[in-house]
>>> print(open('target-v7.cif').read())   # mmCIF, C-alpha atoms (C1' of nucleotides)
data_coords
loop_
_atom_site.label_atom_id
_atom_site.label_comp_id
_atom_site.auth_asym_id
_atom_site.auth_seq_id
_atom_site.Cartn_x
_atom_site.Cartn_y
_atom_site.Cartn_z
CA MET G 1 35.81 24.11 -74.01
CA LEU G 2 36.10 22.10 -70.81
CA SER G 3 36.57 18.38 -71.50
CA ARG G 4 34.14 15.93 -70.00
CA LYS G 5 36.97 14.48 -68.05
CA ALA G 6 37.58 17.79 -66.31
CA LYS G 7 33.88 18.37 -65.79
CA TYR G 8 33.35 14.91 -64.32
CA ALA G 9 36.36 15.41 -62.09
CA LEU G 10 34.96 18.63 -60.70
CA LYS G 11 31.55 17.12 -60.10
CA ALA G 12 33.04 14.08 -58.44
CA LEU G 13 35.22 16.23 -56.20
CA ILE G 14 32.31 18.36 -55.13
CA ALA G 15 30.41 15.21 -54.20
CA LEU G 16 33.38 13.72 -52.38
CA ALA G 17 33.97 16.93 -50.49
CA ALA G 18 30.39 16.88 -49.32
CA ALA G 19 30.56 13.29 -48.12
CA PRO G 20 30.97 12.59 -44.42
CA ALA G 21 34.63 13.15 -43.53
CA GLY G 22 36.77 10.03 -43.33
CA GLU G 23 34.19 7.81 -44.98
CA PRO G 24 35.32 6.45 -48.36
CA VAL G 25 32.86 6.62 -51.25
CA ARG G 26 32.77 3.80 -53.79
CA ILE G 27 33.24 4.56 -57.49
CA ALA G 28 29.96 2.86 -58.31
CA ASP G 29 28.04 4.94 -55.80
CA LEU G 30 29.63 8.16 -56.95
CA ALA G 31 28.89 7.32 -60.58
CA ARG G 32 25.26 6.58 -59.85
CA ARG G 33 24.71 9.66 -57.72
CA GLU G 34 26.37 12.03 -60.18
CA ARG G 35 25.15 10.16 -63.27
CA LEU G 36 28.63 9.62 -64.67
CA PRO G 37 29.90 6.61 -66.67
CA ALA G 38 31.43 4.39 -64.00
CA LYS G 39 34.45 3.05 -65.88
CA PHE G 40 35.36 6.47 -67.17
CA LEU G 41 35.01 7.95 -63.71
CA GLU G 42 37.33 5.23 -62.48
CA LEU G 43 40.14 6.56 -64.67
CA ILE G 44 39.50 10.08 -63.53
CA LEU G 45 39.58 9.24 -59.85
CA LEU G 46 42.77 7.32 -60.37
CA GLU G 47 44.40 10.36 -61.95
CA LEU G 48 43.26 12.51 -59.08
CA ARG G 49 44.73 10.03 -56.65
CA ASN G 50 48.07 9.89 -58.45
CA ARG G 51 48.05 13.67 -58.38
CA GLY G 52 47.65 13.60 -54.61
CA ILE G 53 44.21 15.15 -54.53
CA LEU G 54 42.39 12.00 -53.56
CA GLN G 55 43.14 9.12 -51.27
CA SER G 56 41.90 5.60 -51.83
CA ARG G 57 41.21 2.47 -49.82
CA LYS G 58 41.01 -0.93 -51.36
CA GLY G 59 38.86 -3.87 -50.39
CA LYS G 60 35.63 -3.99 -48.49
CA GLY G 61 34.57 -0.68 -47.04
CA GLY G 62 36.98 0.99 -49.43
CA GLY G 63 36.55 3.82 -51.86
CA TYR G 64 37.80 7.34 -52.43
CA LEU G 65 38.14 10.35 -50.18
CA LEU G 66 39.76 13.76 -50.37
CA ALA G 67 43.44 13.88 -49.50
CA ARG G 68 43.36 17.60 -48.71
CA HIS G 69 40.95 20.10 -47.27
CA PRO G 70 38.66 21.53 -50.00
CA ARG G 71 40.25 24.94 -49.46
CA LYS G 72 43.56 23.44 -50.55
CA VAL G 73 42.21 22.05 -53.81
CA ASN G 74 42.76 24.65 -56.50
CA ILE G 75 40.49 24.72 -59.54
CA GLY G 76 43.17 26.12 -61.82
CA GLU G 77 45.40 23.18 -60.99
CA LEU G 78 42.60 20.75 -61.79
CA VAL G 79 41.66 22.30 -65.10
CA ARG G 80 45.28 22.49 -66.20
CA HIS G 81 45.85 18.88 -65.22
CA PHE G 82 43.01 17.57 -67.38
CA ASP G 83 42.80 20.10 -70.19
CA GLY G 84 46.25 21.60 -70.37
CA PRO G 85 47.24 25.28 -70.22
CA LEU G 86 44.58 27.93 -69.76
CA ALA G 87 45.97 30.17 -72.49
CA PRO G 88 44.16 29.90 -75.85
CA VAL G 89 47.56 30.03 -77.56
CA PRO G 90 50.79 28.36 -76.33
CA CYS G 91 52.80 31.56 -76.69
CA ALA G 92 50.49 33.25 -74.19
CA SER G 93 50.84 30.57 -71.53
CA GLN G 94 52.63 31.17 -68.23
CA THR G 95 52.85 27.55 -67.15
CA ALA G 96 53.47 25.94 -70.53
CA TYR G 97 54.94 28.58 -72.78
CA ALA G 98 55.84 27.52 -76.32
CA ARG G 99 56.75 29.64 -79.27
CA CYS G 100 54.56 29.52 -82.39
CA GLN G 101 56.29 28.05 -85.44
CA ASP G 102 54.95 30.56 -87.92
CA CYS G 103 55.62 33.51 -85.64
CA ARG G 104 58.19 36.10 -86.56
CA ASP G 105 57.78 38.88 -84.04
CA GLU G 106 56.29 37.48 -80.88
CA ALA G 107 56.47 40.66 -78.84
CA GLY G 108 54.65 42.52 -81.61
CA CYS G 109 51.92 39.97 -82.25
CA GLY G 110 48.38 41.27 -81.97
CA VAL G 111 46.90 37.81 -81.53
CA ARG G 112 49.23 37.03 -78.66
CA TRP G 113 48.44 40.35 -77.03
CA ILE G 114 44.70 39.75 -76.82
CA MET G 115 45.03 36.08 -75.92
CA LYS G 116 47.38 36.91 -73.07
CA ASP G 117 44.61 39.09 -71.73
CA VAL G 118 42.15 36.21 -71.93
CA ARG G 119 44.60 33.88 -70.23
CA ASP G 120 45.24 36.31 -67.41
CA ALA G 121 41.55 36.83 -66.79
CA THR G 122 40.89 33.09 -66.77
CA ALA G 123 43.83 32.39 -64.49
CA ARG G 124 42.78 35.17 -62.15
CA ILE G 125 39.46 33.41 -61.68
CA LEU G 126 40.47 29.75 -61.61
CA ASP G 127 43.66 30.12 -59.60
CA ARG G 128 41.82 32.00 -56.88
CA THR G 129 39.00 29.50 -56.63
CA THR G 130 39.07 26.35 -54.57
CA LEU G 131 36.87 23.33 -54.20
CA ALA G 132 35.48 24.94 -51.06
CA ASP G 133 34.23 27.88 -53.13
CA LEU G 134 32.53 25.55 -55.57
CA MET G 135 30.77 23.78 -52.74
CA LYS G 136 29.33 27.06 -51.51
CA HIS G 137 27.61 27.49 -54.85
CA ASP G 138 26.55 23.92 -55.35
CA ALA G 139 23.14 22.92 -54.08
CA GLY G 140 24.15 19.25 -53.75
CA ALA G 141 27.05 20.13 -51.49
CA GLY G 142 26.22 23.65 -50.43
CA ALA G 143 24.16 22.74 -47.40
CA LEU G 144 27.04 20.80 -45.97
CA ALA G 145 29.83 23.23 -46.75
CA MET K 1 42.47 26.46 -77.03
CA LEU K 2 42.17 28.65 -80.10
CA SER K 3 41.99 26.61 -83.30
CA ARG K 4 44.51 27.26 -86.03
CA LYS K 5 41.67 28.32 -88.24
CA ALA K 6 40.74 31.11 -85.85
CA LYS K 7 44.36 32.09 -85.34
CA TYR K 8 45.06 32.20 -89.06
CA ALA K 9 41.91 34.24 -89.58
CA LEU K 10 43.02 36.83 -87.06
CA LYS K 11 46.49 37.08 -88.54
CA ALA K 12 45.11 37.38 -92.04
CA LEU K 13 42.67 40.07 -90.98
CA ILE K 14 45.39 42.07 -89.28
CA ALA K 15 47.44 41.92 -92.47
CA LEU K 16 44.47 42.83 -94.66
CA ALA K 17 43.56 45.72 -92.41
CA ALA K 18 47.09 47.05 -92.75
CA ALA K 19 47.08 46.81 -96.54
CA PRO K 20 46.50 49.97 -98.60
CA ALA K 21 42.76 50.72 -98.57
CA GLY K 22 40.82 49.60 -101.64
CA GLU K 23 43.62 47.43 -102.97
CA PRO K 24 42.76 43.71 -103.01
CA VAL K 25 45.37 41.28 -101.68
CA ARG K 26 45.79 37.90 -103.33
CA ILE K 27 45.47 34.72 -101.25
CA ALA K 28 48.89 33.57 -102.38
CA ASP K 29 50.54 36.82 -101.32
CA LEU K 30 48.80 36.82 -97.97
CA ALA K 31 49.79 33.21 -97.36
CA ARG K 32 53.41 33.87 -98.17
CA ARG K 33 53.64 37.03 -96.11
CA GLU K 34 51.98 35.51 -93.05
CA ARG K 35 53.47 32.04 -93.56
CA LEU K 36 50.13 30.30 -93.68
CA PRO K 37 49.13 27.24 -95.77
CA ALA K 38 47.63 28.79 -98.90
CA LYS K 39 44.80 26.35 -99.58
CA PHE K 40 43.74 26.31 -95.95
CA LEU K 41 43.81 30.08 -95.85
CA GLU K 42 41.60 30.08 -98.93
CA LEU K 43 38.85 28.30 -96.98
CA ILE K 44 39.19 30.70 -94.11
CA LEU K 45 38.98 33.81 -96.26
CA LEU K 46 35.95 32.37 -97.99
CA GLU K 47 34.21 31.90 -94.66
CA LEU K 48 35.05 35.45 -93.68
CA ARG K 49 33.62 36.68 -96.94
CA ASN K 50 30.40 34.70 -96.54
CA ARG K 51 30.16 36.17 -93.07
CA GLY K 52 30.37 39.67 -94.52
CA ILE K 53 33.69 40.56 -92.97
CA LEU K 54 35.65 40.43 -96.19
CA GLN K 55 34.97 41.44 -99.74
CA SER K 56 36.45 39.68 -102.75
CA ARG K 57 37.20 40.44 -106.37
CA LYS K 58 37.64 37.74 -108.95
CA GLY K 59 39.87 37.71 -111.97
CA LYS K 60 43.04 39.57 -112.70
CA GLY K 61 43.84 42.23 -110.16
CA GLY K 62 41.47 40.53 -107.76
CA GLY K 63 41.90 39.38 -104.17
CA TYR K 64 40.48 40.09 -100.76
CA LEU K 65 39.82 43.26 -98.82
CA LEU K 66 38.01 44.23 -95.65
CA ALA K 67 34.29 44.80 -96.02
CA ARG K 68 34.09 46.91 -92.85
CA HIS K 69 36.25 49.35 -90.98
CA PRO K 70 38.58 47.53 -88.52
CA ARG K 71 36.73 49.19 -85.64
CA LYS K 72 33.59 47.38 -86.77
CA VAL K 73 35.21 43.95 -86.78
CA ASN K 74 34.62 42.38 -83.40
CA ILE K 75 37.03 39.75 -82.09
CA GLY K 76 34.38 37.97 -80.06
CA GLU K 77 32.32 37.47 -83.19
CA LEU K 78 35.31 36.04 -85.02
CA VAL K 79 36.32 33.61 -82.30
CA ARG K 80 32.75 32.42 -81.87
CA HIS K 81 32.40 31.92 -85.60
CA PHE K 82 35.40 29.65 -85.88
CA ASP K 83 35.58 28.01 -82.47
CA GLY K 84 32.04 28.17 -81.17
CA PRO K 85 30.80 29.61 -77.89
CA LEU K 86 33.25 31.21 -75.48
CA ALA K 87 31.83 29.42 -72.45
CA PRO K 88 33.82 26.35 -71.35
CA VAL K 89 30.50 24.58 -70.75
CA PRO K 90 27.35 24.85 -72.90
CA CYS K 91 25.13 25.57 -69.91
CA ALA K 92 27.18 28.69 -69.16
CA SER K 93 26.89 30.11 -72.67
CA GLN K 94 24.91 33.27 -73.44
CA THR K 95 24.89 32.91 -77.21
CA ALA K 96 24.57 29.13 -77.47
CA TYR K 97 23.01 27.93 -74.26
CA ALA K 98 22.37 24.21 -73.97
CA ARG K 99 21.43 22.20 -70.93
CA CYS K 100 23.78 19.44 -69.78
CA GLN K 101 22.30 15.95 -70.07
CA ASP K 102 23.56 14.69 -66.76
CA CYS K 103 22.58 17.85 -64.92
CA ARG K 104 19.87 17.79 -62.30
CA ASP K 105 19.98 21.18 -60.65
CA GLU K 106 21.43 23.68 -63.06
CA ALA K 107 20.91 26.74 -60.88
CA GLY K 108 22.71 25.01 -58.04
CA CYS K 109 25.65 23.64 -60.02
CA GLY K 110 29.07 24.65 -58.75
CA VAL K 111 30.79 23.87 -62.04
CA ARG K 112 28.38 26.06 -63.95
CA TRP K 113 28.86 28.85 -61.45
CA ILE K 114 32.62 29.10 -61.91
CA MET K 115 32.52 28.52 -65.66
CA LYS K 116 29.98 31.29 -66.06
CA ASP K 117 32.51 33.54 -64.42
CA VAL K 118 35.18 32.47 -66.89
CA ARG K 119 32.85 32.98 -69.80
CA ASP K 120 31.88 36.46 -68.64
CA ALA K 121 35.49 37.49 -68.21
CA THR K 122 36.42 36.17 -71.65
CA ALA K 123 33.43 37.80 -73.30
CA ARG K 124 34.17 41.07 -71.55
CA ILE K 125 37.57 41.08 -73.21
CA LEU K 126 36.82 39.73 -76.65
CA ASP K 127 33.51 41.48 -77.22
CA ARG K 128 35.08 44.82 -76.42
CA THR K 129 38.04 44.33 -78.68
CA THR K 130 38.09 45.06 -82.39
CA LEU K 131 40.46 44.44 -85.23
CA ALA K 132 41.59 48.05 -84.86
CA ASP K 133 42.74 47.31 -81.29
CA LEU K 134 44.70 44.30 -82.47
CA MET K 135 46.44 46.40 -85.09
CA LYS K 136 47.58 48.85 -82.45
CA HIS K 137 49.45 46.06 -80.73
CA ASP K 138 50.78 44.33 -83.80
CA ALA K 139 54.17 45.37 -85.06
CA GLY K 140 53.38 44.25 -88.59
CA ALA K 141 50.32 46.47 -88.78
CA GLY K 142 50.84 48.83 -85.87
CA ALA K 143 52.77 51.46 -87.76
CA LEU K 144 49.95 51.85 -90.21
CA ALA K 145 47.04 51.79 -87.79
"C1'" DT Z 1 43.06 -18.66 -44.59
"C1'" DA Z 2 39.39 -18.29 -48.00
"C1'" DT Z 3 36.41 -15.31 -50.16
"C1'" DA Z 4 34.21 -11.34 -51.49
"C1'" DT Z 5 34.99 -6.60 -52.26
"C1'" DA Z 6 36.81 -2.70 -54.31
"C1'" DG Z 7 40.49 -0.16 -56.39
"C1'" DT Z 8 44.60 -0.49 -60.24
"C1'" DC Z 9 46.19 -0.56 -64.65
"C1'" DT Z 10 46.70 -1.43 -69.66
"C1'" DA Z 11 44.76 -2.00 -73.96
"C1'" DT Z 12 41.70 -0.95 -77.30
"C1'" DG Z 13 38.11 0.85 -80.30
"C1'" DG Z 14 34.80 4.01 -82.29
"C1'" DA Z 15 33.34 8.54 -83.22
"C1'" DC Z 16 34.44 12.93 -84.11
"C1'" DT Z 17 37.28 16.95 -85.16
"C1'" DT Z 18 41.03 19.29 -86.97
"C1'" DT Z 19 44.19 20.38 -90.43
"C1'" DG Z 20 45.18 20.41 -94.62
"C1'" DT Z 21 45.33 19.08 -100.01
"C1'" DA Z 22 43.39 18.28 -104.72
"C1'" DG Z 23 41.13 19.63 -108.48
"C1'" DG Z 24 37.50 21.24 -111.29
"C1'" DC Z 25 34.25 25.36 -111.80
"C1'" DT Z 26 33.14 30.26 -112.27
"C1'" DT Z 27 33.92 34.98 -113.05
"C1'" DA Z 28 36.43 39.12 -114.32
"C1'" DT Z 29 39.97 41.53 -116.91
"C1'" DA Z 30 42.74 42.74 -120.81
"C1'" DT R 1 39.50 34.38 -125.89
"C1'" DA R 2 43.29 33.58 -122.84
"C1'" DT R 3 44.67 34.20 -118.34
"C1'" DA R 4 44.22 35.27 -113.63
"C1'" DA R 5 42.00 34.91 -109.66
"C1'" DG R 6 38.55 33.43 -106.36
"C1'" DC R 7 34.65 29.57 -105.44
"C1'" DC R 8 33.35 25.24 -103.96
"C1'" DT R 9 33.18 20.27 -103.00
"C1'" DA R 10 35.32 16.25 -101.77
"C1'" DC R 11 38.37 13.82 -99.35
"C1'" DA R 12 42.34 12.05 -96.49
"C1'" DA R 13 45.62 11.82 -92.70
"C1'" DA R 14 46.27 12.56 -88.06
"C1'" DG R 15 44.95 13.41 -83.71
"C1'" DT R 16 41.80 13.67 -79.74
"C1'" DC R 17 38.09 12.42 -76.86
"C1'" DC R 18 35.00 9.34 -74.67
"C1'" DA R 19 34.23 5.22 -73.10
"C1'" DT R 20 34.47 0.06 -72.24
"C1'" DA R 21 36.75 -4.49 -71.31
"C1'" DG R 22 39.08 -7.36 -68.59
"C1'" DA R 23 42.80 -9.13 -65.99
"C1'" DC R 24 45.34 -8.02 -61.73
"C1'" DT R 25 46.16 -6.56 -56.78
"C1'" DA R 26 45.24 -5.38 -52.16
"C1'" DT R 27 42.21 -5.36 -48.13
"C1'" DA R 28 38.69 -6.69 -44.75
"C1'" DT R 29 36.36 -10.06 -42.42
"C1'" DA R 30 34.11 -14.42 -41.60
#
>>> encode(input="target-v7.cif", output="structure tokens")
Amino acid sequence: MLSRKAKYALKALIALAAAPAGEPVRIADLARRERLPAKFLELILLELRNRGILQSRKGKGGGYLLARHPRKVNIGELVRHFDGPLAPVPCASQTAYARCQDCRDEAGCGVRWIMKDVRDATARILDRTTLADLMKHDAGAGALA
Amino acid sequence: MLSRKAKYALKALIALAAAPAGEPVRIADLARRERLPAKFLELILLELRNRGILQSRKGKGGGYLLARHPRKVNIGELVRHFDGPLAPVPCASQTAYARCQDCRDEAGCGVRWIMKDVRDATARILDRTTLADLMKHDAGAGALA
DNA sequence: TATATAGTCTATGGACTTTGTAGGCTTATA
DNA sequence: TATAAGCCTACAAAGTCCATAGACTATATA
């Protein structure tokens, strides 16, 4: 299940990517347009900024804007940042592998085998998708992409 | 992320499927062999029984056994039972569709588009996999499969 | 330089879920 | 009838998620 945080982040990024280039968007405006809780969105945008995905400007005329081209913003990276590893089980994760406590024979674990398959399929999709791809399929941003 | 409940269920089922046919396995034995918390496992097995996946016998010589052939036990069904829909977002679910509150244009939502892809890929894997497949890849049960 | 504007950051709280435990009840077997 | 085993409900600790509050800082511009 995708957390709201991750979902809000994606929606906000799509909106920011569709905004006129170089023009900062205020948190309040973004929240209103995308119908997201403003204070919560604030935290999310801050995280995205600290991650280097967004840029910010303070003071009058300030706001947020993308720090990279939408094609350089990877969806897998975003989802992992907010919701952790893609693998349903830590022992099946590539980026955050961890052994299961109760596990005896990891190589011969049926659960791990199937969950590795799920992880790979998910990663194949998310790691090959960028913000630019999302914009193409989003009506709010699509026209401008 | 797969819940422990779902993970324990899968491990227990693999063990039960590998047990001699027709011979009930006691909760306590299963818990010890698979290193699972006994009382928690009890709840899980009960759910599996109420779902029609396991059979139980009370009293001396009792325990749990599979109610269906391993090939008839679908992993997608199991995961959905314990952890809910496979889709990362309710609006991308086939089996438990629900509209997002904040959503205006569902058909033109970029988040939904990519998450539907993830759901489909996950479902393609889990819905085509059975307990019998898991046994083939599990060292504990593999030899007997 | 004063003031308004807008982001920054920390703390906190409530609701919910997850993981497990306890203990009494019911049923089957010998 | 005694014992063994599953059945079922309740509950508790811990963690997570969602969201809000409010004080602080930096910037633009009048």
>>> atom_distance(input="target-v7.cif", atom1="atom CA of G:Lys39", atom2="atom CA of G:Pro85")
26.0 Å
>>> interface_residues(input="target-v7.cif", of="chain R", to="chain K", cutoff="12 Å", atoms="only C-alpha atoms (C1' of nucleotides)", output="MDAnalysis selection string")
chainID R and resid 2:9
>>> resolve_selection(input="target-v7.cif", expression="the PyMOL selection byres ((chain G) within 8 of (chain K))", output="compact mmCIF listing (two decimals) with C-alpha atoms, in the frame of the given file")
# COMPACT_ATOMS: atom_id res chain seq x y z
CA MET G 1 35.81 24.11 -74.01
CA LEU G 2 36.10 22.10 -70.81
CA LYS G 7 33.88 18.37 -65.79
CA LEU G 10 34.96 18.63 -60.70
CA LYS G 11 31.55 17.12 -60.10
CA ILE G 14 32.31 18.36 -55.13
CA GLU G 34 26.37 12.03 -60.18
CA ARG G 35 25.15 10.16 -63.27
CA LEU G 36 28.63 9.62 -64.67
CA LEU G 86 44.58 27.93 -69.76
CA ALA G 87 45.97 30.17 -72.49
CA PRO G 88 44.16 29.90 -75.85
CA VAL G 89 47.56 30.03 -77.56
CA ASP G 102 54.95 30.56 -87.92
CA ASP G 105 57.78 38.88 -84.04
CA GLY G 108 54.65 42.52 -81.61
CA CYS G 109 51.92 39.97 -82.25
CA GLY G 110 48.38 41.27 -81.97
CA VAL G 111 46.90 37.81 -81.53
CA TRP G 113 48.44 40.35 -77.03
CA ILE G 114 44.70 39.75 -76.82
CA ASP G 117 44.61 39.09 -71.73
CA VAL G 118 42.15 36.21 -71.93
CA ALA G 121 41.55 36.83 -66.79
CA THR G 122 40.89 33.09 -66.77
CA ILE G 125 39.46 33.41 -61.68
CA LEU G 126 40.47 29.75 -61.61
CA LEU G 134 32.53 25.55 -55.57
CA MET G 135 30.77 23.78 -52.74
CA LYS G 136 29.33 27.06 -51.51
CA HIS G 137 27.61 27.49 -54.85
CA ASP G 138 26.55 23.92 -55.35
CA ALA G 139 23.14 22.92 -54.08
CA GLY G 140 24.15 19.25 -53.75
>>> calpha_fit_and_write(input="target-v7.cif", fixed="chain K", moving="chain G", output="short mmCIF file (atom, residue, chain, number, x, y, z; two decimals) with C-alpha atoms, keeping the file's coordinate frame")
data_model
loop_
_atom_site.label_atom_id
_atom_site.label_comp_id
_atom_site.auth_asym_id
_atom_site.auth_seq_id
_atom_site.Cartn_x
_atom_site.Cartn_y
_atom_site.Cartn_z
CA MET G 1 42.42 26.48 -77.05
CA LEU G 2 42.11 28.68 -80.12
CA SER G 3 41.92 26.62 -83.33
CA ARG G 4 44.43 27.28 -86.06
CA LYS G 5 41.61 28.34 -88.25
CA ALA G 6 40.70 31.14 -85.87
CA LYS G 7 44.32 32.10 -85.36
CA TYR G 8 45.01 32.21 -89.10
CA ALA G 9 41.86 34.25 -89.60
CA LEU G 10 42.98 36.83 -87.08
CA LYS G 11 46.45 37.07 -88.55
CA ALA G 12 45.08 37.37 -92.06
CA LEU G 13 42.65 40.09 -91.00
CA ILE G 14 45.36 42.07 -89.30
CA ALA G 15 47.42 41.90 -92.48
CA LEU G 16 44.47 42.82 -94.67
CA ALA G 17 43.57 45.72 -92.44
CA ALA G 18 47.08 47.04 -92.76
CA ALA G 19 47.09 46.81 -96.55
CA PRO G 20 46.55 49.94 -98.60
CA ALA G 21 42.82 50.71 -98.57
CA GLY G 22 40.89 49.59 -101.63
CA GLU G 23 43.69 47.42 -102.96
CA PRO G 24 42.82 43.71 -103.00
CA VAL G 25 45.40 41.27 -101.65
CA ARG G 26 45.81 37.88 -103.31
CA ILE G 27 45.47 34.70 -101.24
CA ALA G 28 48.89 33.54 -102.36
CA ASP G 29 50.54 36.77 -101.29
CA LEU G 30 48.80 36.79 -97.95
CA ALA G 31 49.77 33.17 -97.33
CA ARG G 32 53.41 33.83 -98.13
CA ARG G 33 53.64 36.98 -96.06
CA GLU G 34 51.95 35.47 -93.01
CA ARG G 35 53.45 32.00 -93.53
CA LEU G 36 50.08 30.26 -93.66
CA PRO G 37 49.12 27.20 -95.75
CA ALA G 38 47.61 28.74 -98.88
CA LYS G 39 44.78 26.29 -99.54
CA PHE G 40 43.71 26.30 -95.93
CA LEU G 41 43.79 30.07 -95.84
CA GLU G 42 41.60 30.04 -98.92
CA LEU G 43 38.82 28.31 -96.99
CA ILE G 44 39.16 30.71 -94.13
CA LEU G 45 38.96 33.80 -96.29
CA LEU G 46 35.93 32.38 -98.01
CA GLU G 47 34.18 31.93 -94.68
CA LEU G 48 35.03 35.47 -93.71
CA ARG G 49 33.61 36.69 -96.98
CA ASN G 50 30.38 34.74 -96.58
CA ARG G 51 30.15 36.21 -93.11
CA GLY G 52 30.36 39.70 -94.57
CA ILE G 53 33.69 40.59 -93.01
CA LEU G 54 35.66 40.45 -96.22
CA GLN G 55 34.99 41.45 -99.77
CA SER G 56 36.49 39.71 -102.77
CA ARG G 57 37.29 40.46 -106.39
CA LYS G 58 37.79 37.78 -108.96
CA GLY G 59 40.08 37.74 -111.95
CA LYS G 60 43.21 39.69 -112.63
CA GLY G 61 43.98 42.33 -110.06
CA GLY G 62 41.58 40.57 -107.73
CA GLY G 63 41.94 39.40 -104.18
CA TYR G 64 40.49 40.09 -100.76
CA LEU G 65 39.84 43.27 -98.83
CA LEU G 66 38.01 44.24 -95.67
CA ALA G 67 34.29 44.83 -96.04
CA ARG G 68 34.08 46.95 -92.89
CA HIS G 69 36.24 49.38 -91.01
CA PRO G 70 38.57 47.55 -88.56
CA ARG G 71 36.73 49.20 -85.68
CA LYS G 72 33.58 47.40 -86.80
CA VAL G 73 35.18 43.96 -86.81
CA ASN G 74 34.59 42.40 -83.42
CA ILE G 75 37.00 39.77 -82.11
CA GLY G 76 34.35 37.99 -80.08
CA GLU G 77 32.28 37.51 -83.21
CA LEU G 78 35.27 36.07 -85.04
CA VAL G 79 36.27 33.64 -82.32
CA ARG G 80 32.71 32.44 -81.89
CA HIS G 81 32.33 31.97 -85.63
CA PHE G 82 35.36 29.68 -85.91
CA ASP G 83 35.53 28.03 -82.50
CA GLY G 84 32.01 28.18 -81.19
CA PRO G 85 30.77 29.62 -77.88
CA LEU G 86 33.22 31.21 -75.49
CA ALA G 87 31.82 29.42 -72.45
CA PRO G 88 33.81 26.34 -71.36
CA VAL G 89 30.49 24.56 -70.75
CA PRO G 90 27.32 24.85 -72.90
CA CYS G 91 25.13 25.56 -69.89
CA ALA G 92 27.19 28.67 -69.16
CA SER G 93 26.89 30.11 -72.65
CA GLN G 94 24.90 33.26 -73.41
CA THR G 95 24.87 32.90 -77.18
CA ALA G 96 24.53 29.13 -77.43
CA TYR G 97 23.00 27.93 -74.20
CA ALA G 98 22.35 24.19 -73.90
CA ARG G 99 21.45 22.18 -70.87
CA CYS G 100 23.79 19.40 -69.72
CA GLN G 101 22.32 15.91 -70.01
CA ASP G 102 23.61 14.64 -66.70
CA CYS G 103 22.63 17.80 -64.85
CA ARG G 104 19.94 17.73 -62.22
CA ASP G 105 20.04 21.12 -60.57
CA GLU G 106 21.46 23.64 -62.98
CA ALA G 107 20.97 26.69 -60.81
CA GLY G 108 22.79 24.95 -57.97
CA CYS G 109 25.72 23.60 -59.98
CA GLY G 110 29.14 24.59 -58.72
CA VAL G 111 30.83 23.82 -62.03
CA ARG G 112 28.42 26.02 -63.93
CA TRP G 113 28.90 28.82 -61.43
CA ILE G 114 32.66 29.06 -61.90
CA MET G 115 32.53 28.51 -65.65
CA LYS G 116 29.99 31.29 -66.05
CA ASP G 117 32.54 33.53 -64.42
CA VAL G 118 35.19 32.45 -66.90
CA ARG G 119 32.82 32.99 -69.80
CA ASP G 120 31.88 36.45 -68.64
CA ALA G 121 35.49 37.48 -68.23
CA THR G 122 36.40 36.16 -71.67
CA ALA G 123 33.41 37.80 -73.30
CA ARG G 124 34.15 41.08 -71.56
CA ILE G 125 37.55 41.09 -73.22
CA LEU G 126 36.79 39.73 -76.68
CA ASP G 127 33.48 41.50 -77.23
CA ARG G 128 35.06 44.85 -76.43
CA THR G 129 38.02 44.35 -78.71
CA THR G 130 38.06 45.08 -82.40
CA LEU G 131 40.44 44.46 -85.24
CA ALA G 132 41.56 48.06 -84.87
CA ASP G 133 42.71 47.33 -81.32
CA LEU G 134 44.68 44.32 -82.49
CA MET G 135 46.41 46.41 -85.11
CA LYS G 136 47.57 48.87 -82.47
CA HIS G 137 49.42 46.06 -80.75
CA ASP G 138 50.74 44.34 -83.82
CA ALA G 139 54.14 45.39 -85.07
CA GLY G 140 53.36 44.26 -88.64
CA ALA G 141 50.30 46.47 -88.80
CA GLY G 142 50.84 48.82 -85.90
CA ALA G 143 52.81 51.43 -87.79
CA LEU G 144 49.99 51.83 -90.24
CA ALA G 145 47.09 51.82 -87.82
#
>>> interface_residues(input="target-v7.cif", of="chain Z", to="chain G", cutoff="12 Å", atoms="all atoms listed in the file", output="MDAnalysis selection string")
chainID Z and resid 3:10
>>> closest_residue(input="target-v7.cif", among="G:Tyr97, G:Ala9, G:Ala15, G:Asn74", to="G:Arg33", atoms="all atoms listed in the file")
G:Ala15
>>> resolve_selection(input="target-v7.cif", expression="the PyMOL selection byres ((chain G and resi 22) around 12)", output="VMD selection string")
chain G and resid 16 to 21 23 to 25 54 to 57 61 to 69
>>> atom_distance(input="target-v7.cif", atom1="atom CA of G:Thr95", atom2="atom CA of G:Lys72")
19.5 Å
>>> resolve_selection(input="target-v7.cif", expression="the PyMOL selection byres ((chain Z and resi 14) around 12)", output="list in words")
DT12, DG13, DA15 and DC16 of chain Z; DC17, DC18, DA19 and DT20 of chain R
>>> atom_distance(input="target-v7.cif", atom1="atom CA of K:Arg99", atom2="atom CA of G:Arg80")
24.3 Å
>>> residues_around(input="target-v7.cif", residues="Z:DG20", least_positions_apart="3", cutoff="10 Å", atoms="all atoms listed in the file", output="number ranges by chain")
K: 37-41; R: 12-13
>>> residues_around(input="target-v7.cif", residues="G:His81", least_positions_apart="5", cutoff="9 Å", atoms="all atoms listed in the file", output="PyMOL selection string")
chain G and resi 6+51+76
>>> decode(input="target-v7.cif", residues="stretch 11-19 of chain R", atoms="C-alpha atoms (C1' of nucleotides)", output="mmCIF file, in the first residue's frame")
data_model
loop_
_atom_site.group_PDB
_atom_site.id
_atom_site.type_symbol
_atom_site.label_atom_id
_atom_site.label_comp_id
_atom_site.auth_asym_id
_atom_site.auth_seq_id
_atom_site.Cartn_x
_atom_site.Cartn_y
_atom_site.Cartn_z
ATOM 1 C "C1'" DC R 11 -7.050 -7.222 25.553
ATOM 2 C "C1'" DA R 12 -2.405 -4.894 25.764
ATOM 3 C "C1'" DA R 13 2.004 -3.103 24.142
ATOM 4 C "C1'" DA R 14 4.282 -1.090 20.506
ATOM 5 C "C1'" DG R 15 4.636 1.038 16.412
ATOM 6 C "C1'" DT R 16 3.110 3.749 12.403
ATOM 7 C "C1'" DC R 17 0.622 7.117 9.942
ATOM 8 C "C1'" DC R 18 -1.623 11.406 9.299
ATOM 9 C "C1'" DA R 19 -1.960 15.717 10.443
#
